[in-house]
file final_23.pdb (PDB, C-alpha atoms)
MODEL        1
ATOM      1  CA  MET A 116     -20.074  -5.972   8.623
ATOM      2  CA  LYS A 117     -17.420  -5.890   5.907
ATOM      3  CA  LYS A 118     -13.808  -6.090   6.994
ATOM      4  CA  ILE A 119     -11.033  -3.807   5.702
ATOM      5  CA  TYR A 120      -7.370  -4.812   5.825
ATOM      6  CA  ILE A 121      -5.305  -1.674   6.399
ATOM      7  CA  ALA A 122      -2.123  -2.008   4.335
ATOM      8  CA  GLY A 123       0.817   0.344   4.339
ATOM      9  CA  PRO A 124       4.151   1.343   5.803
ATOM     10  CA  ASP A 125       2.408   3.080   8.704
ATOM     11  CA  VAL A 126       3.438   0.044  10.782
ATOM     12  CA  PHE A 127       7.024   1.348  10.640
ATOM     13  CA  GLU A 128       6.213   4.738  12.143
ATOM     14  CA  GLU A 129       7.217   5.515  15.720
ATOM     15  CA  ASN A 130       3.541   6.036  16.639
ATOM     16  CA  SER A 131       2.313   3.056  14.607
ATOM     17  CA  ILE A 132       0.003   1.739  17.343
ATOM     18  CA  GLU A 133      -1.786   5.096  17.614
ATOM     19  CA  ILE A 134      -2.033   5.334  13.820
ATOM     20  CA  GLY A 135      -3.608   1.878  13.729
ATOM     21  CA  LYS A 136      -6.138   2.784  16.405
ATOM     22  CA  GLU A 137      -7.115   5.913  14.451
ATOM     23  CA  LEU A 138      -7.513   3.985  11.176
ATOM     24  CA  VAL A 139      -9.546   1.228  12.838
ATOM     25  CA  ALA A 140     -11.758   3.903  14.449
ATOM     26  CA  LEU A 141     -12.302   5.501  11.030
ATOM     27  CA  CYS A 142     -13.359   2.122   9.654
ATOM     28  CA  LYS A 143     -15.877   1.772  12.457
ATOM     29  CA  LYS A 144     -17.181   5.327  11.840
ATOM     30  CA  TYR A 145     -17.991   4.317   8.244
ATOM     31  CA  GLY A 146     -19.541   0.967   9.161
ATOM     32  CA  TYR A 147     -16.572  -1.364   8.607
ATOM     33  CA  GLU A 148     -14.339  -3.492  10.799
ATOM     34  CA  GLY A 149     -10.713  -2.462  10.453
ATOM     35  CA  LEU A 150      -7.977  -5.093  10.490
ATOM     36  CA  TYR A 151      -4.602  -3.539  11.337
ATOM     37  CA  PRO A 152      -1.473  -5.711  10.998
ATOM     38  CA  LEU A 153      -0.047  -4.687  14.375
ATOM     39  CA  ASP A 154      -3.150  -6.055  16.078
ATOM     40  CA  ASN A 155      -1.759  -9.540  15.400
ATOM     41  CA  VAL A 156      -0.183 -11.280  18.399
ATOM     42  CA  VAL A 157       3.341 -12.504  17.689
ATOM     43  CA  ASP A 158       5.883 -14.098  20.044
ATOM     44  CA  PHE A 159       9.000 -11.915  19.768
ATOM     45  CA  SER A 160      11.138 -14.238  21.899
ATOM     46  CA  GLN A 161      11.782 -16.516  18.893
ATOM     47  CA  SER A 162      14.436 -16.340  16.191
ATOM     48  CA  LYS A 163      14.142 -13.407  13.768
ATOM     49  CA  HIS A 164      13.237 -15.725  10.890
ATOM     50  CA  LYS A 165      10.459 -17.339  12.944
ATOM     51  CA  ILE A 166       9.123 -13.927  13.998
ATOM     52  CA  ALA A 167       9.125 -12.793  10.364
ATOM     53  CA  LYS A 168       7.275 -15.938   9.255
ATOM     54  CA  ASP A 169       4.706 -15.538  12.035
ATOM     55  CA  ILE A 170       4.083 -11.900  11.037
ATOM     56  CA  PHE A 171       3.748 -12.955   7.394
ATOM     57  CA  ASP A 172       1.314 -15.771   8.218
ATOM     58  CA  ALA A 173      -0.779 -13.537  10.479
ATOM     59  CA  ASN A 174      -1.022 -10.794   7.841
ATOM     60  CA  VAL A 175      -1.923 -13.314   5.138
ATOM     61  CA  ALA A 176      -4.703 -14.652   7.391
ATOM     62  CA  MET A 177      -5.995 -11.107   7.971
ATOM     63  CA  ILE A 178      -6.068 -10.396   4.239
ATOM     64  CA  GLN A 179      -7.920 -13.661   3.658
ATOM     65  CA  LYS A 180     -10.568 -12.604   6.224
ATOM     66  CA  ALA A 181     -10.920  -9.118   4.721
ATOM     67  CA  ASP A 182     -13.423  -8.084   2.092
ATOM     68  CA  ILE A 183     -11.506  -4.956   1.107
ATOM     69  CA  VAL A 184      -7.894  -3.795   1.244
ATOM     70  CA  ILE A 185      -7.073  -0.109   1.534
ATOM     71  CA  ALA A 186      -3.398   0.560   0.901
ATOM     72  CA  ASN A 187      -1.170   3.537   1.613
ATOM     73  CA  LEU A 188       0.707   3.744  -1.701
ATOM     74  CA  ASN A 189       2.656   6.900  -0.902
ATOM     75  CA  PRO A 190       6.371   6.664  -1.710
ATOM     76  CA  PHE A 191       8.307   4.971   1.081
ATOM     77  CA  ARG A 192      12.100   5.075   1.306
ATOM     78  CA  GLY A 193      12.375   6.280  -2.286
ATOM     79  CA  LYS A 194      10.074   6.931  -5.245
ATOM     80  CA  GLU A 195       7.989   3.759  -4.911
ATOM     81  CA  ALA A 196       5.354   2.417  -2.512
ATOM     82  CA  ASP A 197       6.445   0.040   0.250
ATOM     83  CA  SER A 198       7.221  -3.358  -1.278
ATOM     84  CA  GLY A 199       5.344  -5.267   1.435
ATOM     85  CA  THR A 200       2.256  -3.153   0.823
ATOM     86  CA  VAL A 201       2.508  -3.773  -2.905
ATOM     87  CA  TRP A 202       2.725  -7.521  -2.250
ATOM     88  CA  GLU A 203      -0.356  -7.365  -0.019
ATOM     89  CA  CYS A 204      -2.306  -5.567  -2.773
ATOM     90  CA  GLY A 205      -1.311  -8.168  -5.358
ATOM     91  CA  PHE A 206      -2.170 -11.028  -3.022
ATOM     92  CA  ALA A 207      -5.564  -9.489  -2.218
ATOM     93  CA  TYR A 208      -6.231  -8.912  -5.916
ATOM     94  CA  GLY A 209      -5.383 -12.560  -6.605
ATOM     95  CA  LEU A 210      -7.920 -13.589  -3.967
ATOM     96  CA  GLY A 211     -10.590 -11.473  -5.652
ATOM     97  CA  LYS A 212     -10.711  -8.828  -2.912
ATOM     98  CA  GLU A 213     -11.565  -5.199  -3.612
ATOM     99  CA  VAL A 214      -8.317  -3.225  -3.441
ATOM    100  CA  TYR A 215      -8.072   0.558  -3.143
ATOM    101  CA  GLY A 216      -5.069   2.794  -2.745
ATOM    102  CA  TYR A 217      -4.464   6.327  -1.635
ATOM    103  CA  MET A 218      -1.674   8.798  -2.227
ATOM    104  CA  GLN A 219      -1.101  12.422  -1.318
ATOM    105  CA  GLU A 220       0.079  13.089  -4.873
ATOM    106  CA  THR A 221      -1.300  11.219  -7.882
ATOM    107  CA  LYS A 222       0.698  12.791 -10.688
ATOM    108  CA  ALA A 223       2.216  10.445 -13.260
ATOM    109  CA  TYR A 224       5.110   8.380 -11.876
ATOM    110  CA  ILE A 225       7.563   9.818 -14.395
ATOM    111  CA  GLU A 226       6.932  13.289 -12.961
ATOM    112  CA  ASN A 227       8.603  12.161  -9.717
ATOM    113  CA  PHE A 228      11.935  12.363 -11.529
ATOM    114  CA  ALA A 229      13.692  15.719 -11.611
ATOM    115  CA  GLU A 230      15.013  16.904 -14.963
ATOM    116  CA  ASP A 231      18.551  15.852 -13.985
ATOM    117  CA  GLU A 232      17.301  12.338 -13.042
ATOM    118  CA  LYS A 233      15.741  11.381 -16.387
ATOM    119  CA  PHE A 234      17.150  11.408 -19.886
ATOM    120  CA  GLU A 235      15.222  11.280 -23.135
ATOM    121  CA  ARG A 236      16.040   8.485 -25.554
ATOM    122  CA  GLU A 237      14.099   8.449 -28.846
ATOM    123  CA  GLY A 238      10.682   9.219 -27.355
ATOM    124  CA  TYR A 239      11.049   7.594 -23.949
ATOM    125  CA  PHE A 240      12.929   8.341 -20.750
ATOM    126  CA  VAL A 241      15.608   6.450 -18.838
ATOM    127  CA  ASP A 242      17.195   7.005 -15.462
ATOM    128  CA  ASP A 243      20.896   7.585 -14.759
ATOM    129  CA  LYS A 244      21.547   3.840 -15.131
ATOM    130  CA  GLU A 245      19.866   3.757 -18.571
ATOM    131  CA  ARG A 246      16.828   1.860 -17.220
ATOM    132  CA  LEU A 247      13.485   2.679 -18.804
ATOM    133  CA  ILE A 248      11.211   4.869 -16.661
ATOM    134  CA  GLU A 249       7.648   3.627 -16.904
ATOM    135  CA  ASP A 250       5.286   6.216 -18.377
ATOM    136  CA  PHE A 251       1.664   5.021 -18.457
ATOM    137  CA  ALA A 252       0.161   8.100 -16.756
ATOM    138  CA  HIS A 253      -0.293   6.225 -13.465
ATOM    139  CA  PRO A 254       1.189   7.430 -10.168
ATOM    140  CA  VAL A 255       2.637   3.951  -9.524
ATOM    141  CA  ASN A 256       3.912   0.984 -11.533
ATOM    142  CA  LEU A 257       1.295  -0.402 -13.934
ATOM    143  CA  MET A 258       1.105  -3.736 -12.097
ATOM    144  CA  ILE A 259      -0.121  -2.072  -8.914
ATOM    145  CA  ALA A 260      -2.157   0.607 -10.730
ATOM    146  CA  CYS A 261      -4.079  -2.042 -12.635
ATOM    147  CA  CYS A 262      -4.813  -4.261  -9.616
ATOM    148  CA  VAL A 263      -6.479  -1.544  -7.566
ATOM    149  CA  LYS A 264     -10.023  -0.407  -8.293
ATOM    150  CA  GLU A 265      -8.994   3.187  -7.674
ATOM    151  CA  ILE A 266      -6.123   5.261  -6.356
ATOM    152  CA  VAL A 267      -7.652   8.147  -4.431
ATOM    153  CA  LYS A 268      -5.795  11.423  -4.026
ATOM    154  CA  GLY A 269      -5.708  12.088  -0.304
ATOM    155  CA  GLY A 270      -5.696   9.811   2.697
ATOM    156  CA  PHE A 271      -7.299   6.747   4.214
ATOM    157  CA  GLU A 272     -10.556   8.482   5.124
ATOM    158  CA  ASP A 273     -10.900   9.798   1.569
ATOM    159  CA  VAL A 274     -11.072   6.183   0.385
ATOM    160  CA  LEU A 275     -13.637   5.297   3.049
ATOM    161  CA  LYS A 276     -15.808   8.179   1.825
ATOM    162  CA  ARG A 277     -15.696   6.721  -1.710
ATOM    163  CA  LEU A 278     -16.748   3.211  -0.714
TER     164      LEU A 278
ENDMDL
END
call {"tool": "encode", "arguments": {"input": "final_23.pdb", "output": "structure tokens"}}
result
Amino acid sequence: MKKIYIAGPDVFEENSIEIGKELVALCKKYGYEGLYPLDNVVDFSQSKHKIAKDIFDANVAMIQKADIVIANLNPFRGKEADSGTVWECGFAYGLGKEVYGYMQETKAYIENFAEDEKFEREGYFVDDKERLIEDFAHPVNLMIACCVKEIVKGGFEDVLKRL
């Protein structure tokens, strides 16, 4: 049975354990074994740096065991996907894993900027700090868009249906 690493900021939600159980159950429904980061056992009586390193190591080991990564790439705390999730996708891609993403909205990234948040400069757009706004018709930065096999509009189960 192929294993799916479930990547995303869902681990920060108040009901993260329940979310994980639901996603793992969906994996099972479609014939996969779901690997959810919060299923790792970590000793929280240690220093914060040691806890962080243990979480990192456990998640890396899970990704290494997985055949597929499915990532929640919805914006998190801003206009971009969660940075930890993006790292996990890149790491999985580097290991040769199949990586898929999902988003509720898959319009071009530049369309996430309101008219008063982007300014045209000779055929391209910049933000209020004069930084170029990427415009490659992807819903996320090109580095993540190009490392995933597909970004599915919808949710986790929509990706499972495509596999």
call {"tool": "resolve_selection", "arguments": {"input": "final_23.pdb", "expression": "the PyMOL selection byres ((chain A and resi 261-263) around 8)", "output": "PDB file with C-alpha atoms, in the frame of the given file"}}
result
ATOM      1  CA  CYS A 204      -2.306  -5.567  -2.773  1.00  0.00           C
ATOM      2  CA  GLY A 205      -1.311  -8.168  -5.358  1.00  0.00           C
ATOM      3  CA  TYR A 208      -6.231  -8.912  -5.916  1.00  0.00           C
ATOM      4  CA  GLU A 213     -11.565  -5.199  -3.612  1.00  0.00           C
ATOM      5  CA  VAL A 214      -8.317  -3.225  -3.441  1.00  0.00           C
ATOM      6  CA  TYR A 215      -8.072   0.558  -3.143  1.00  0.00           C
ATOM      7  CA  GLY A 216      -5.069   2.794  -2.745  1.00  0.00           C
ATOM      8  CA  LEU A 257       1.295  -0.402 -13.934  1.00  0.00           C
ATOM      9  CA  MET A 258       1.105  -3.736 -12.097  1.00  0.00           C
ATOM     10  CA  ILE A 259      -0.121  -2.072  -8.914  1.00  0.00           C
ATOM     11  CA  ALA A 260      -2.157   0.607 -10.730  1.00  0.00           C
ATOM     12  CA  LYS A 264     -10.023  -0.407  -8.293  1.00  0.00           C
ATOM     13  CA  GLU A 265      -8.994   3.187  -7.674  1.00  0.00           C
ATOM     14  CA  ILE A 266      -6.123   5.261  -6.356  1.00  0.00           C
TER      15      ILE A 266
END
call {"tool": "resolve_selection", "arguments": {"input": "final_23.pdb", "expression": "the PyMOL selection byres ((chain A and resi 222-230) around 9)", "output": "ChimeraX atom specification"}}
result
/A:194-195,220-221,231-234,240,242,248-256
call {"tool": "closest_residue", "arguments": {"input": "final_23.pdb", "among": "A:Ala176, A:Asp154, A:Gly149, A:Lys117", "to": "Ile132 in chain A", "atoms": "all atoms listed in the file"}}
result
A:Asp154
call {"tool": "closest_atom_pairs", "arguments": {"input": "final_23.pdb", "of": "range 224-278 of chain A", "to": "range 121-130 of chain A", "cutoff": "12 Å", "atoms": "only C-alpha atoms", "output": "Markdown table"}}
result
| residue | atom | partner | partner_atom | distance |
| --- | --- | --- | --- | --- |
| A:Gly270 | CA | A:Gly123 | CA | 11.6 |
| A:Phe271 | CA | A:Ile121 | CA | 8.9 |
| A:Glu272 | CA | A:Ile121 | CA | 11.5 |
| A:Val274 | CA | A:Ile121 | CA | 11.5 |
| A:Leu275 | CA | A:Ile121 | CA | 11.4 |
call {"tool": "residues_around", "arguments": {"input": "final_23.pdb", "residues": "Tyr147 in chain A", "least_positions_apart": "6", "cutoff": "12 Å", "atoms": "only C-alpha atoms", "output": "list in words"}}
result
Met116, Lys117, Lys118, Ile119, Tyr120, Ile121, Leu138, Val139, Ala140, Leu141, Ala181, Asp182, Ile183, Val184, Ile185, Leu275, Lys276 and Leu278 of chain A
call {"tool": "atom_distance", "arguments": {"input": "final_23.pdb", "atom1": "CA of Asp169 in chain A", "atom2": "CA of Val157 in chain A"}}
result
6.6 Å
call {"tool": "resolve_selection", "arguments": {"input": "final_23.pdb", "expression": "the PyMOL selection byres ((chain A and resi 200) around 8)", "output": "PyMOL selection string"}}
result
chain A and resi 122-124+186-188+196-199+201-204
call {"tool": "closest_residue", "arguments": {"input": "final_23.pdb", "among": "A:Asn155, A:Ser131, A:Gln179, A:Ser160", "to": "Phe206 in chain A", "atoms": "only C-alpha atoms"}}
result
A:Gln179
call {"tool": "closest_residue", "arguments": {"input": "final_23.pdb", "among": "A:Ile166, A:Ala173, A:Glu137, A:Asn189", "to": "Leu153 in chain A", "atoms": "all atoms listed in the file"}}
result
A:Ala173
call {"tool": "atom_distance", "arguments": {"input": "final_23.pdb", "atom1": "CA of Met218 in chain A", "atom2": "CA of Ile134 in chain A"}}
result
16.4 Å
call {"tool": "atom_distance", "arguments": {"input": "final_23.pdb", "atom1": "CA of Leu150 in chain A", "atom2": "CA of Lys212 in chain A"}}
result
14.2 Å
call {"tool": "axis_aligned_box", "arguments": {"input": "final_23.pdb", "around": "range 139-142 of chain A", "padding_each_side": "3 Å", "output": "JSON"}}
result
{"center_x": -11.5, "center_y": 3.4, "center_z": 12.1, "size_x": 9.8, "size_y": 10.3, "size_z": 10.8}
call {"tool": "build_atoms", "arguments": {"input": "final_23.pdb", "residues": "range 258-278 of chain A", "atoms": "N, CA and C atoms", "output": "tab-separated table (two decimals), keeping the file's coordinate frame"}}
result
chain	number	residue	atom	x	y	z
A	258	MET	N	1.59	-2.50	-12.72
A	258	MET	CA	1.10	-3.74	-12.10
A	258	MET	C	0.29	-3.44	-10.84
A	259	ILE	N	0.67	-2.43	-10.09
A	259	ILE	CA	-0.12	-2.07	-8.91
A	259	ILE	C	-1.30	-1.20	-9.34
A	260	ALA	N	-1.08	-0.28	-10.27
A	260	ALA	CA	-2.16	0.61	-10.73
A	260	ALA	C	-3.32	-0.18	-11.31
A	261	CYS	N	-3.02	-1.26	-11.98
A	261	CYS	CA	-4.08	-2.04	-12.64
A	261	CYS	C	-4.73	-3.07	-11.71
A	262	CYS	N	-4.18	-3.30	-10.53
A	262	CYS	CA	-4.81	-4.26	-9.62
A	262	CYS	C	-5.69	-3.57	-8.58
A	263	VAL	N	-5.61	-2.25	-8.50
A	263	VAL	CA	-6.48	-1.54	-7.57
A	263	VAL	C	-7.67	-0.98	-8.32
A	264	LYS	N	-8.82	-0.96	-7.66
A	264	LYS	CA	-10.02	-0.41	-8.29
A	264	LYS	C	-9.86	1.09	-8.52
A	265	GLU	N	-9.17	1.74	-7.58
A	265	GLU	CA	-8.99	3.19	-7.67
A	265	GLU	C	-7.86	3.61	-6.76
A	266	ILE	N	-7.10	4.60	-7.21
A	266	ILE	CA	-6.12	5.26	-6.36
A	266	ILE	C	-6.69	6.65	-6.09
A	267	VAL	N	-7.03	6.89	-4.84
A	267	VAL	CA	-7.65	8.15	-4.43
A	267	VAL	C	-6.57	9.14	-4.01
A	268	LYS	N	-6.71	10.37	-4.48
A	268	LYS	CA	-5.80	11.42	-4.03
A	268	LYS	C	-6.26	11.86	-2.65
A	269	GLY	N	-5.37	11.73	-1.67
A	269	GLY	CA	-5.71	12.09	-0.30
A	269	GLY	C	-5.24	11.03	0.67
A	270	GLY	N	-6.07	10.75	1.65
A	270	GLY	CA	-5.70	9.81	2.70
A	270	GLY	C	-6.69	8.68	2.86
A	271	PHE	N	-6.50	7.93	3.92
A	271	PHE	CA	-7.30	6.75	4.21
A	271	PHE	C	-8.79	7.07	4.27
A	272	GLU	N	-9.14	8.13	4.99
A	272	GLU	CA	-10.56	8.48	5.12
A	272	GLU	C	-11.17	8.87	3.79
A	273	ASP	N	-10.38	9.45	2.90
A	273	ASP	CA	-10.90	9.80	1.57
A	273	ASP	C	-11.35	8.55	0.81
A	274	VAL	N	-10.65	7.44	1.01
A	274	VAL	CA	-11.07	6.18	0.38
A	274	VAL	C	-12.36	5.70	1.03
A	275	LEU	N	-12.42	5.74	2.35
A	275	LEU	CA	-13.64	5.30	3.05
A	275	LEU	C	-14.86	6.08	2.56
A	276	LYS	N	-14.70	7.35	2.32
A	276	LYS	CA	-15.81	8.18	1.82
A	276	LYS	C	-16.26	7.75	0.44
A	277	ARG	N	-15.37	7.15	-0.34
A	277	ARG	CA	-15.70	6.72	-1.71
A	277	ARG	C	-16.38	5.36	-1.76
A	278	LEU	N	-16.18	4.57	-0.72
A	278	LEU	CA	-16.75	3.21	-0.71
A	278	LEU	C	-18.26	3.23	-0.62
